[in-house]
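Chemist: You'll find query.cif just under this line, and it carries mmCIF, C-alpha atoms.
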```cif
data_work
loop_
_atom_site.label_atom_id
_atom_site.label_comp_id
_atom_site.auth_asym_id
_atom_site.auth_seq_id
_atom_site.Cartn_x
_atom_site.Cartn_y
_atom_site.Cartn_z
CA MET A 56 23.47 27.42 14.63
CA THR A 57 24.51 23.78 14.54
CA ASP A 58 26.98 24.02 17.45
CA PRO A 59 25.50 22.31 20.53
CA ALA A 60 27.53 24.63 22.78
CA VAL A 61 25.70 27.70 21.45
CA PRO A 62 22.11 27.89 22.79
CA ALA A 63 19.52 28.67 20.13
CA TRP A 64 15.90 28.30 19.11
CA HIS A 65 15.33 25.27 16.88
CA ALA A 66 12.22 23.99 15.13
CA VAL A 67 11.53 20.40 16.21
CA ALA A 68 8.15 19.68 14.61
CA LEU A 69 5.33 21.03 12.50
CA ALA A 70 2.67 22.28 14.91
CA ALA A 71 0.03 20.32 12.94
CA ASP A 72 2.00 17.08 13.36
CA ILE A 73 1.56 17.18 17.14
CA GLU A 74 -2.19 16.78 17.39
CA PRO A 75 -4.09 17.55 20.63
CA GLY A 76 -3.80 14.67 23.08
CA THR A 77 -0.71 13.15 21.43
CA SER A 78 3.03 12.97 22.05
CA ALA A 79 6.08 12.34 19.88
CA GLY A 80 9.76 11.82 20.42
CA ALA A 81 12.22 14.32 18.94
CA ARG A 82 15.95 14.82 19.11
CA LEU A 83 18.06 17.91 19.45
CA HIS A 84 21.86 17.58 19.46
CA ASP A 85 21.37 13.87 20.22
CA ARG A 86 19.29 14.61 23.32
CA GLU A 87 15.90 12.94 23.52
CA LEU A 88 12.90 15.26 23.82
CA VAL A 89 9.21 14.60 24.10
CA VAL A 90 6.94 17.03 22.28
CA TRP A 91 3.35 16.75 23.37
CA ARG A 92 0.12 18.68 23.15
CA ASP A 93 -2.47 18.67 25.91
CA SER A 94 -6.14 18.39 25.08
CA GLY A 95 -6.47 22.14 25.64
CA GLY A 96 -4.19 22.63 22.63
CA GLU A 97 -1.02 23.84 24.35
CA SER A 98 2.28 22.22 23.32
CA HIS A 99 5.12 21.24 25.66
CA VAL A 100 8.72 20.11 25.18
CA TRP A 101 10.46 18.17 27.93
CA GLU A 102 13.30 15.83 28.50
CA ASP A 103 12.00 12.49 27.18
CA ARG A 104 12.61 10.49 30.32
CA CYS A 105 10.32 9.37 33.11
CA PRO A 106 12.19 10.01 36.42
CA HIS A 107 10.95 6.64 37.67
CA ARG A 108 12.65 4.14 35.35
CA GLY A 109 13.99 6.28 32.55
CA MET A 110 11.36 5.17 30.03
CA ARG A 111 10.81 7.58 27.15
CA LEU A 112 7.69 9.59 27.96
CA SER A 113 7.00 9.91 24.22
CA PHE A 114 5.99 6.23 24.30
CA GLY A 115 3.32 7.16 26.84
CA PHE A 116 -0.10 8.69 26.49
CA VAL A 117 -1.73 12.05 27.00
CA ARG A 118 -4.88 12.32 29.09
CA GLY A 119 -6.37 15.79 29.38
CA ASN A 120 -3.57 18.05 30.60
CA HIS A 121 -1.32 15.23 31.84
CA ILE A 122 1.14 12.93 30.11
CA ALA A 123 1.57 9.46 31.58
CA CYS A 124 4.42 7.00 31.29
CA LEU A 125 3.75 3.77 29.41
CA TYR A 126 5.54 1.66 32.02
CA HIS A 127 3.74 2.40 35.29
CA GLY A 128 1.39 5.26 34.49
CA TRP A 129 3.14 7.98 36.47
CA ALA A 130 1.29 11.11 35.34
CA TYR A 131 2.83 14.59 34.96
CA ASP A 132 1.09 17.95 34.74
CA THR A 133 1.96 20.66 32.22
CA ALA A 134 4.78 21.96 34.45
CA GLY A 135 6.46 18.55 34.50
CA GLN A 136 5.40 17.88 38.09
CA CYS A 137 4.38 14.31 38.87
CA ARG A 138 0.77 14.31 40.12
CA ALA A 139 -0.23 10.66 40.27
CA ILE A 140 1.41 7.28 40.83
CA PRO A 141 -1.19 4.57 40.12
CA ALA A 142 0.53 1.96 42.31
CA HIS A 143 0.25 4.37 45.28
CA PRO A 144 -3.04 6.17 44.78
CA ASP A 145 -3.06 7.68 48.28
CA LEU A 146 0.48 9.02 48.14
CA ALA A 147 1.03 12.79 48.15
CA VAL A 148 3.58 12.85 45.32
CA PRO A 149 6.80 14.62 46.41
CA GLU A 150 7.61 17.90 44.61
CA THR A 151 11.01 16.46 43.73
CA ILE A 152 9.50 14.06 41.18
CA ARG A 153 9.58 16.38 38.22
CA VAL A 154 10.56 16.11 34.56
CA PRO A 155 13.08 18.73 33.33
CA THR A 156 11.43 21.01 30.78
CA TYR A 157 12.53 23.16 27.87
CA ALA A 158 11.15 26.55 26.90
CA SER A 159 9.13 26.22 23.70
CA ALA A 160 6.97 28.37 21.47
CA GLU A 161 4.83 28.02 18.38
CA ALA A 162 5.30 30.34 15.42
CA SER A 163 4.90 30.09 11.65
CA GLY A 164 3.23 26.70 11.98
CA LEU A 165 6.26 25.21 13.76
CA ILE A 166 7.15 24.25 17.31
CA PHE A 167 10.42 25.83 18.42
CA VAL A 168 12.44 24.81 21.45
CA TRP A 169 15.25 26.67 23.24
CA SER A 170 18.13 24.22 23.29
CA GLU A 171 19.20 24.90 26.90
CA MET A 172 17.23 22.76 29.33
CA GLY A 173 15.38 24.73 32.00
CA ALA A 174 16.78 28.08 30.84
CA THR A 175 14.84 31.31 30.43
CA PRO A 176 15.35 32.12 26.76
CA PRO A 177 15.37 35.34 24.76
CA SER A 178 12.13 35.97 22.88
CA PRO A 179 11.20 33.18 20.47
CA PRO A 180 11.41 33.49 16.66
CA ALA A 181 8.93 36.04 15.34
CA ALA A 182 5.83 34.62 13.70
CA ARG A 183 5.99 34.89 9.91
CA PRO A 184 3.24 34.30 7.37
CA LEU A 185 4.63 30.93 6.31
CA THR A 186 2.77 27.72 5.44
CA ALA A 187 4.38 24.78 7.23
CA LEU A 188 4.52 21.97 4.67
CA ARG A 189 6.42 18.97 6.00
CA SER A 190 9.39 17.70 7.98
CA LEU A 191 12.01 15.44 6.54
CA PHE A 192 15.15 13.88 7.94
CA VAL A 193 18.50 13.81 6.21
CA GLU A 194 21.17 11.21 6.89
CA ALA A 195 23.99 13.76 7.11
CA ALA A 196 25.65 15.80 9.86
CA PRO A 197 23.90 19.10 10.75
CA GLU A 198 26.98 21.26 10.11
CA ARG A 199 27.45 19.62 6.71
CA VAL A 200 23.79 20.14 5.81
CA ALA A 201 24.02 23.78 6.91
CA ALA A 202 27.14 24.31 4.79
CA LEU A 203 25.53 22.71 1.72
CA LEU A 204 22.28 24.67 2.14
CA ALA A 205 24.25 27.91 2.49
CA GLY A 206 25.51 27.42 -1.07
CA ARG A 207 21.99 27.54 -2.47
CA PHE A 208 19.82 29.31 0.12
CA ALA A 209 20.18 32.53 2.10
CA PRO A 210 20.83 31.91 5.80
CA GLY A 211 18.62 34.05 8.04
CA PRO A 212 19.36 35.39 11.52
CA ASP A 213 16.95 32.84 13.03
CA GLY A 214 18.90 29.91 11.61
CA SER A 215 16.55 29.41 8.68
CA PHE A 216 17.45 29.15 4.99
CA ALA A 217 15.41 31.05 2.41
CA GLY A 218 15.36 30.31 -1.30
CA ARG A 219 13.37 28.78 -4.12
CA LEU A 220 12.23 25.22 -4.85
CA VAL A 221 10.30 24.44 -8.06
CA GLY A 222 9.27 28.06 -8.43
CA ALA A 223 8.04 28.54 -4.87
CA ASP A 224 9.65 30.71 -2.19
CA VAL A 225 10.54 28.41 0.68
CA VAL A 226 12.09 28.80 4.11
CA LEU A 227 13.83 25.75 5.57
CA PHE A 228 14.36 25.35 9.32
CA LEU A 229 17.21 23.09 10.35
CA GLN A 230 17.04 20.80 13.38
CA PRO A 231 20.38 19.35 14.59
CA PHE A 232 18.95 15.92 15.26
CA THR A 233 21.94 13.72 16.06
CA ALA A 234 25.62 13.95 15.12
CA ASP A 235 24.81 12.41 11.73
CA GLN A 236 21.13 13.16 11.14
CA THR A 237 19.46 16.48 10.44
CA GLY A 238 15.82 17.48 10.44
CA LEU A 239 14.56 19.94 7.84
CA HIS A 240 11.21 21.62 8.35
CA VAL A 241 9.96 22.98 5.05
CA THR A 242 7.70 26.03 4.88
CA ILE A 243 6.34 27.90 1.87
CA ASP A 244 6.45 31.70 1.79
CA GLY A 245 3.47 32.78 -0.29
CA ALA A 246 1.91 30.69 -3.04
CA GLY A 247 3.24 27.30 -4.08
CA ASP A 248 2.16 23.80 -5.02
CA GLY A 249 2.66 21.84 -1.79
CA ALA A 250 2.91 18.43 -3.47
CA LEU A 251 5.56 19.68 -5.92
CA VAL A 252 7.58 21.44 -3.23
CA SER A 253 7.41 18.33 -1.06
CA ARG A 254 8.87 16.19 -3.84
CA ALA A 255 11.51 18.81 -4.56
CA ALA A 256 12.47 18.69 -0.88
CA GLU A 257 12.96 14.92 -1.23
CA ALA A 258 15.25 15.56 -4.19
CA LEU A 259 17.14 18.11 -2.10
CA ARG A 260 17.52 15.51 0.67
CA HIS A 261 18.89 13.07 -1.90
CA ALA A 262 21.36 15.63 -3.22
CA ILE A 263 22.59 16.47 0.29
CA GLU A 264 23.06 12.81 1.16
CA ALA A 265 24.93 12.18 -2.07
CA ALA A 266 27.24 15.13 -1.37
CA ALA A 267 27.75 14.43 2.32
CA PRO A 268 28.41 10.75 2.87
CA SER A 269 27.52 9.46 6.32
CA ARG A 270 27.38 6.00 7.76
CA PHE A 271 23.83 5.80 6.41
CA ALA A 272 24.55 7.36 3.03
CA SER A 273 23.99 4.17 1.09
CA LEU A 274 20.43 3.39 2.07
CA GLU A 275 20.04 0.24 0.10
CA PHE A 276 17.04 -1.90 -0.61
CA ALA A 277 17.16 -5.63 -0.19
CA ALA A 278 18.18 -7.29 -3.41
CA MET B 140 -45.18 -19.46 7.35
CA SER B 141 -41.74 -20.83 6.93
CA PRO B 142 -39.54 -21.30 9.96
CA PRO B 143 -36.64 -18.92 10.47
CA ARG B 144 -33.78 -19.81 8.20
CA ALA B 145 -31.02 -21.84 9.77
CA ASN B 146 -28.39 -19.34 10.75
CA GLN B 147 -25.68 -21.04 8.75
CA ALA B 148 -25.39 -18.01 6.53
CA LEU B 149 -24.99 -15.80 9.56
CA GLU B 150 -22.35 -18.08 10.99
CA GLY B 151 -20.33 -17.90 7.78
CA PRO B 152 -17.40 -20.09 6.81
CA ARG B 153 -15.40 -21.83 9.50
CA LEU B 154 -11.94 -20.31 9.70
CA VAL B 155 -8.99 -21.85 11.50
CA LEU B 156 -5.90 -19.68 11.93
CA HIS B 157 -2.63 -21.33 12.88
CA ASP B 158 -1.08 -18.48 14.76
CA TYR B 159 1.90 -17.31 16.81
CA GLU B 160 1.24 -14.35 19.09
CA LEU B 161 4.61 -12.64 18.47
CA ASP B 162 4.60 -13.12 14.68
CA ALA B 163 4.00 -9.85 12.82
CA ASP B 164 2.56 -11.68 9.79
CA CYS B 165 0.08 -13.59 11.95
CA TYR B 166 -0.87 -10.25 13.51
CA LYS B 167 -1.85 -8.88 10.08
CA VAL B 168 -4.47 -11.61 9.79
CA ARG B 169 -5.70 -11.21 13.37
CA LEU B 170 -5.97 -7.46 12.79
CA LEU B 171 -8.05 -7.87 9.62
CA LEU B 172 -10.37 -10.42 11.22
CA ALA B 173 -10.81 -8.13 14.24
CA LEU B 174 -11.56 -5.09 12.09
CA ILE B 175 -14.32 -6.94 10.20
CA CYS B 176 -15.54 -8.74 13.37
CA ALA B 177 -15.08 -12.18 11.79
CA PRO B 178 -15.11 -15.11 14.22
CA TYR B 179 -12.34 -17.68 13.84
CA GLU B 180 -10.71 -20.51 15.66
CA ARG B 181 -7.13 -19.89 16.73
CA VAL B 182 -4.55 -22.65 17.02
CA ALA B 183 -1.48 -21.45 18.94
CA VAL B 184 1.75 -22.77 17.41
CA ASP B 185 4.90 -23.07 19.54
CA VAL B 186 7.30 -21.21 17.24
CA HIS B 187 9.78 -20.11 19.89
CA PRO B 188 11.46 -22.14 21.18
CA GLY B 189 9.62 -25.22 19.81
CA HIS B 190 9.81 -24.53 16.01
CA GLU B 191 6.56 -26.46 15.81
CA GLU B 192 5.78 -24.84 12.44
CA ARG B 193 8.61 -26.97 11.03
CA SER B 194 7.44 -30.21 12.67
CA PRO B 195 6.46 -33.08 10.34
CA ALA B 196 2.78 -32.49 11.09
CA TYR B 197 2.97 -28.80 10.18
CA LEU B 198 5.16 -29.40 7.13
CA ALA B 199 2.49 -31.79 5.92
CA LEU B 200 -0.02 -28.93 6.23
CA ASN B 201 2.27 -26.19 4.87
CA PRO B 202 5.53 -27.36 3.26
CA ARG B 203 6.86 -23.78 3.44
CA GLY B 204 7.22 -24.12 7.21
CA SER B 205 5.81 -20.64 7.72
CA LEU B 206 3.00 -18.95 9.61
CA PRO B 207 0.27 -17.86 9.42
CA ILE B 208 -1.73 -20.70 7.90
CA LEU B 209 -5.45 -20.36 7.26
CA GLU B 210 -7.73 -23.37 6.87
CA GLN B 211 -11.22 -22.91 5.49
CA ASP B 212 -13.44 -25.69 4.15
CA GLY B 213 -10.53 -27.75 2.80
CA LEU B 214 -8.53 -24.77 1.58
CA VAL B 215 -5.08 -24.45 3.20
CA LEU B 216 -3.52 -21.07 2.58
CA ALA B 217 -0.08 -19.72 3.55
CA GLU B 218 1.39 -16.17 3.32
CA ALA B 219 -0.31 -13.35 5.21
CA GLU B 220 -1.07 -11.13 2.22
CA ALA B 221 -2.77 -13.99 0.33
CA ILE B 222 -4.82 -14.73 3.44
CA LEU B 223 -5.78 -11.05 3.72
CA LEU B 224 -6.99 -11.02 0.12
CA HIS B 225 -8.92 -14.25 0.54
CA CYS B 226 -10.61 -13.19 3.78
CA ALA B 227 -11.49 -9.76 2.39
CA GLY B 228 -13.16 -11.41 -0.60
CA LEU B 229 -14.91 -14.08 1.43
CA LEU B 230 -16.15 -12.38 4.58
CA PRO B 231 -18.86 -9.77 5.19
CA GLY B 232 -17.32 -6.33 5.54
CA GLY B 233 -14.09 -7.41 3.88
CA GLY B 234 -14.98 -5.86 0.54
CA ALA B 235 -14.77 -2.38 2.03
CA LEU B 236 -11.03 -2.92 2.49
CA VAL B 237 -10.41 -3.65 -1.20
CA PRO B 238 -10.58 -0.65 -3.56
CA GLU B 239 -13.04 -0.98 -6.41
CA SER B 240 -11.24 0.95 -9.14
CA ALA B 241 -8.71 -1.07 -11.13
CA ALA B 242 -5.97 1.49 -10.53
CA ASP B 243 -6.45 1.64 -6.77
CA HIS B 244 -6.75 -2.14 -6.61
CA ALA B 245 -3.38 -2.40 -8.35
CA ARG B 246 -1.91 0.25 -6.03
CA MET B 247 -3.06 -1.80 -3.06
CA LEU B 248 -1.44 -4.92 -4.53
CA SER B 249 1.73 -2.94 -5.12
CA TRP B 250 1.90 -2.08 -1.41
CA LEU B 251 1.16 -5.70 -0.47
CA PHE B 252 4.18 -6.71 -2.54
CA PHE B 253 6.19 -3.93 -0.91
CA ALA B 254 5.28 -5.39 2.48
CA ARG B 255 6.71 -8.74 1.34
CA GLY B 256 9.69 -7.19 -0.47
CA PRO B 257 11.69 -4.19 0.79
CA LEU B 258 9.76 -3.99 4.06
CA ALA B 259 10.51 -7.62 4.91
CA ALA B 260 13.91 -6.40 6.14
CA ALA B 261 12.13 -4.78 9.12
CA GLY B 262 10.65 -8.12 10.14
CA LEU B 263 14.03 -9.82 9.83
CA ALA B 264 15.76 -7.02 11.78
CA ARG B 265 13.19 -7.48 14.56
CA LEU B 266 13.67 -11.25 14.72
CA HIS B 267 17.44 -10.74 14.68
CA ALA B 268 17.22 -8.31 17.63
CA MET B 269 14.60 -10.20 19.64
CA LEU B 270 15.14 -13.88 18.97
CA GLU B 271 18.74 -13.82 17.74
CA ALA B 272 17.66 -15.04 14.31
CA PRO B 273 20.64 -15.16 11.93
CA GLY B 274 21.28 -12.12 9.74
CA ASP B 275 23.37 -9.00 9.29
CA GLY B 276 21.69 -6.72 11.87
CA PRO B 277 23.08 -3.34 10.72
CA ALA B 278 22.41 -4.14 7.05
CA LEU B 279 18.84 -5.21 7.81
CA GLU B 280 18.29 -2.03 9.81
CA ARG B 281 19.55 0.15 6.94
CA GLN B 282 17.21 -1.65 4.53
CA ALA B 283 14.31 -1.22 6.96
CA LEU B 284 15.08 2.51 7.26
CA ALA B 285 15.04 2.82 3.47
CA ALA B 286 11.63 1.13 3.33
CA PHE B 287 10.24 3.30 6.16
CA ARG B 288 11.40 6.40 4.29
CA VAL B 289 9.46 5.31 1.20
CA MET B 290 6.38 4.91 3.38
CA GLU B 291 6.91 8.23 5.19
CA ASP B 292 7.29 10.15 1.92
CA HIS B 293 4.20 8.45 0.49
CA MET B 294 2.07 9.25 3.53
CA THR B 295 3.34 12.84 3.49
CA ALA B 296 2.12 13.09 -0.11
CA GLN B 297 -1.17 11.45 0.85
CA ARG B 298 -1.69 13.95 3.68
CA LEU B 299 -1.00 16.83 1.30
CA ALA B 300 -3.56 15.28 -1.08
CA GLY B 301 -6.11 15.07 1.74
CA SER B 302 -6.01 11.33 2.45
CA ASP B 303 -5.24 9.53 5.70
CA TRP B 304 -4.56 6.15 4.02
CA PHE B 305 -2.03 4.47 1.77
CA VAL B 306 -4.40 3.95 -1.17
CA GLY B 307 -7.28 6.24 -2.12
CA ALA B 308 -9.38 7.86 0.58
CA ALA B 309 -10.25 4.83 2.73
CA PRO B 310 -8.41 2.14 4.70
CA SER B 311 -7.47 -0.93 2.67
CA LEU B 312 -5.55 -4.17 3.05
CA ALA B 313 -2.41 -2.15 2.25
CA ASP B 314 -2.70 -0.30 5.57
CA ILE B 315 -3.10 -3.58 7.46
CA ALA B 316 -0.13 -5.23 5.73
CA LEU B 317 2.19 -2.24 6.25
CA PHE B 318 1.27 -1.40 9.86
CA PRO B 319 3.07 -4.11 11.90
CA ALA B 320 6.60 -3.45 10.59
CA ILE B 321 6.67 0.22 11.60
CA ALA B 322 4.52 -0.22 14.71
CA LEU B 323 7.01 -2.84 15.97
CA SER B 324 10.19 -1.02 14.87
CA ARG B 325 11.14 -0.18 18.45
CA ASP B 326 11.74 -3.91 18.95
CA PHE B 327 14.90 -3.41 16.87
CA GLY B 328 15.75 0.05 18.15
CA VAL B 329 14.13 2.31 15.53
CA ASP B 330 12.01 5.04 17.12
CA HIS B 331 9.24 6.94 15.37
CA ASP B 332 10.82 10.37 15.88
CA ALA B 333 11.63 10.83 12.18
CA TYR B 334 8.25 9.66 10.88
CA PRO B 335 5.58 12.29 11.57
CA ALA B 336 3.39 11.19 8.65
CA LEU B 337 3.54 7.54 9.71
CA ARG B 338 2.77 8.48 13.32
CA ARG B 339 -0.33 10.30 12.15
CA TRP B 340 -1.38 7.35 9.95
CA MET B 341 -0.79 4.87 12.78
CA ARG B 342 -3.05 6.95 15.05
CA ARG B 343 -5.78 6.87 12.39
CA LEU B 344 -5.42 3.12 12.00
CA ARG B 345 -5.47 2.52 15.74
CA ALA B 346 -8.71 4.50 15.96
CA LEU B 347 -10.55 2.14 13.57
CA PRO B 348 -13.37 0.25 15.33
CA GLY B 349 -12.24 -3.25 16.28
CA PHE B 350 -8.50 -2.45 16.21
CA VAL B 351 -6.40 -4.88 18.27
CA THR B 352 -2.76 -4.72 19.33
CA MET B 353 -0.09 -7.38 19.74
CA PRO B 354 2.79 -7.60 22.23
CA GLY B 355 5.17 -4.72 21.41
CA ILE B 356 2.40 -2.38 20.27
CA PRO B 357 1.20 -0.37 23.28
CA ASP B 358 -2.52 -0.47 23.93
CA TYR B 359 -3.58 2.97 25.08
CA HIS B 360 -5.56 4.72 22.37
#
```
Have the structure of the file written as structure tokens, please.
Modeler:
Amino acid sequence: MTDPAVPAWHAVALAADIEPGTSAGARLHDRELVVWRDSGGESHVWEDRCPHRGMRLSFGFVRGNHIACLYHGWAYDTAGQCRAIPAHPDLAVPETIRVPTYASAEASGLIFVWSEMGATPPSPPAARPLTALRSLFVEAAPERVAALLAGRFAPGPDGSFAGRLVGADVVLFLQPFTADQTGLHVTIDGAGDGALVSRAAEALRHAIEAAAPSRFASLEFAA
Amino acid sequence: MSPPRANQALEGPRLVLHDYELDADCYKVRLLLALICAPYERVAVDVHPGHEERSPAYLALNPRGSLPILEQDGLVLAEAEAILLHCAGLLPGGGALVPESAADHARMLSWLFFARGPLAAAGLARLHAMLEAPGDGPALERQALAAFRVMEDHMTAQRLAGSDWFVGAAPSLADIALFPAIALSRDFGVDHDAYPALRRWMRRLRALPGFVTMPGIPDYH
């Protein structure tokens, strides 16, 4: 699940956190992704790099069903194909100017991405009646977080961890963010007080960081 | 019939802001004044590379050697958060950005102090990265990340409680004072990938009528 060499579906964002007409950066196994939603409501996950100058597309802006780079406004359609170059308005944009894409799917209030760029994946995680609550990011290595979670939660076949937090049934989806950071997407299965579960998830993050020292483990405040 | 009143009341107090375009604290004041459509006179100070704010003339005005400085009818005021409070109390439309209830007012003040305290590390990390200001870069970045996490968790809780803003259900001076540090974090290499709640809040803030950017904060919304 946390091995970058083994392709898998991973949650990279709450669906509600990627609002129509917006984009966000995300990371999977240290690779930069852009997650964006066109104004028609469909979400897309691509490599986060404009082929022109390498600028992160997540810094750019969404207009209708195109995403445009912040640097020079090169605009890409939902297939990743460049359709407009503002500095050359009369140019027929070559088909070769294209952003590599990832297969993605929405289920259970989350956006999942298949970790192999450009690949045709097996069917995405089945939709479950979960309430997506929040994402949070842990300063600890993904494999360490997975090992610690496995001691307290039940690992599922889809890479999720099911268990209880402050009396609520929760399912946690792990995102291998970088080599030493891990995303956790928290969902509630059934009834539960969202505010309480959210705070319990922060306590869980603290416990993981205390148990799994990383270079960021001592997040200190200024004196 | 009496003649129309002189429009002195409409003109309001004369404000002079001593300002540096790239200074995140100066930007807080410019942002507030833009949001409440208050006219002011801007004096550009040559901070980099001139260090004009520490010239004898400026030290005579503000011995702290800092920006921004606000002048208004003989009052000379330093420190961005104090200027925000003063302008919000003085100017039409400013009152809407200060919560009425005692508890929310105190919460707003608490976030203003947070902006000057733990979050100040983000400003120092940015100056260290951009202008080679002295400091321990990695330590400042860790402290900034800790402060951003506090803000992210708070805005996650606010979203779950149905609010888009740091205090109560409406924008306040707290939002203005906290915005520049995270909006400019890319200047010292911290992306917004791990801050979904702050991204959402920044979009709400950028959508306020009158919102203005500064260099380093893209203008596209």
Chemist: At a cut-off of 9 Å from (9.6, -18.8, 18.5) in the coordinates of the file, what residues are picked up using all atoms listed in the file, written as a PyMOL selection string?
Modeler: chain B and resi 159+161-162+184-191+270
Chemist: Go ahead and write the residues just picked, C-alpha atoms, as a JSON list (two decimals), in the frame of the given file.
Modeler:
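Produced file selection-v8.json, reproduced below:
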```json
[["chain", "number", "residue", "atom", "x", "y", "z"],
["B", 159, "TYR", "CA", 1.90, -17.31, 16.81],
["B", 161, "LEU", "CA", 4.61, -12.64, 18.47],
["B", 162, "ASP", "CA", 4.60, -13.12, 14.68],
["B", 184, "VAL", "CA", 1.75, -22.77, 17.41],
["B", 185, "ASP", "CA", 4.90, -23.07, 19.54],
["B", 186, "VAL", "CA", 7.30, -21.21, 17.24],
["B", 187, "HIS", "CA", 9.78, -20.11, 19.89],
["B", 188, "PRO", "CA", 11.46, -22.14, 21.18],
["B", 189, "GLY", "CA", 9.62, -25.22, 19.81],
["B", 190, "HIS", "CA", 9.81, -24.53, 16.01],
["B", 191, "GLU", "CA", 6.56, -26.46, 15.81],
["B", 270, "LEU", "CA", 15.14, -13.88, 18.97]]
```
Chemist: Which one is closest to Arg118 (chain A): A:Glu97, A:Met56, A:Arg92, A:Ser163? Count all atoms listed in the file.
Modeler: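 Selected residue with least distance to Arg118 (chain A): A:Arg92.
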Chemist: How many Å lie between CA of Tyr179 (chain B) and CA of Leu206 (chain B), rounded to one decimal?
Modeler: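 So the two atoms, CA of Tyr179 (chain B) and CA of Leu206 (chain B), lie 16.0 Å apart.
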Chemist: Enumerate, in order of chain and increasing residue number, the residues of chain B with an atom no farther than 7 Å from chain A, each with its shortest atom pair and distance in Å to one decimal, counting only C-alpha atoms, as a tab-separated table.
Modeler:
```
residue	atom	partner	partner_atom	distance
B:Pro257	CA	A:Ala277	CA	5.7
B:Arg281	CA	A:Leu274	CA	5.9
B:Gln282	CA	A:Phe276	CA	5.1
B:Ala285	CA	A:Leu274	CA	5.6
B:Ala296	CA	A:Ala250	CA	6.4
B:Leu299	CA	A:Ala250	CA	6.4
B:Asp332	CA	A:Gly80	CA	4.9
B:Ala333	CA	A:Phe192	CA	6.3
B:Pro335	CA	A:Asp72	CA	6.2
B:Tyr359	CA	A:Phe116	CA	6.8
```
Chemist: Between B:Ser240, B:Gly234, B:Leu229, B:Asp164, which residue has the minimum interatomic distance to Arg255 (chain B), considering only C-alpha atoms?
Modeler: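 Nearest to Arg255 (chain B): B:Asp164.
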Chemist: Pull out every residue that the PyMOL selection byres ((chain B and resi 217) around 8) matches in the shown coordinates and put them as a list in words.
Modeler: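 Evaluating the PyMOL selection byres ((chain B and resi 217) around 8) on this file yields Asn201, Ser205, Leu206, Pro207, Ile208, Leu209, Val215, Leu216, Glu218, Ala219, Ala221 and Ile222 of chain B.
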Chemist: Which residues are close to Met172 (chain A), i.e. within 9 Å by only C-alpha atoms, leaving aside same-chain residues fewer than 2 positions away? Reply as a list of chain:residue names.
Modeler: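 My reading of the contact set: A:Trp101, A:Glu102, A:Pro155, A:Thr156, A:Tyr157, A:Ala158, A:Trp169, A:Ser170, A:Ala174, A:Thr175.
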Chemist: Quick one: everything within 8 Å of Met294 (chain B), counting only C-alpha atoms, minus sequence neighbours fewer than 2 positions away in the same chain. Send it as a list in words.
Modeler: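 Near Met294 (chain B), the qualifying residues are Met290, Glu291, Asp292, Ala296, Gln297, Arg298, Asp303, Trp304, Phe305, Ala336, Leu337 and Trp340 of chain B.
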Chemist: Using only C-alpha atoms, which of the listed residues (B:Gly228, B:Pro195, B:Gly233, B:Gly213) sits closest to Ser311 (chain B)?
Modeler: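 Ranked by minimum distance to Ser311 (chain B), first place goes to B:Gly233.
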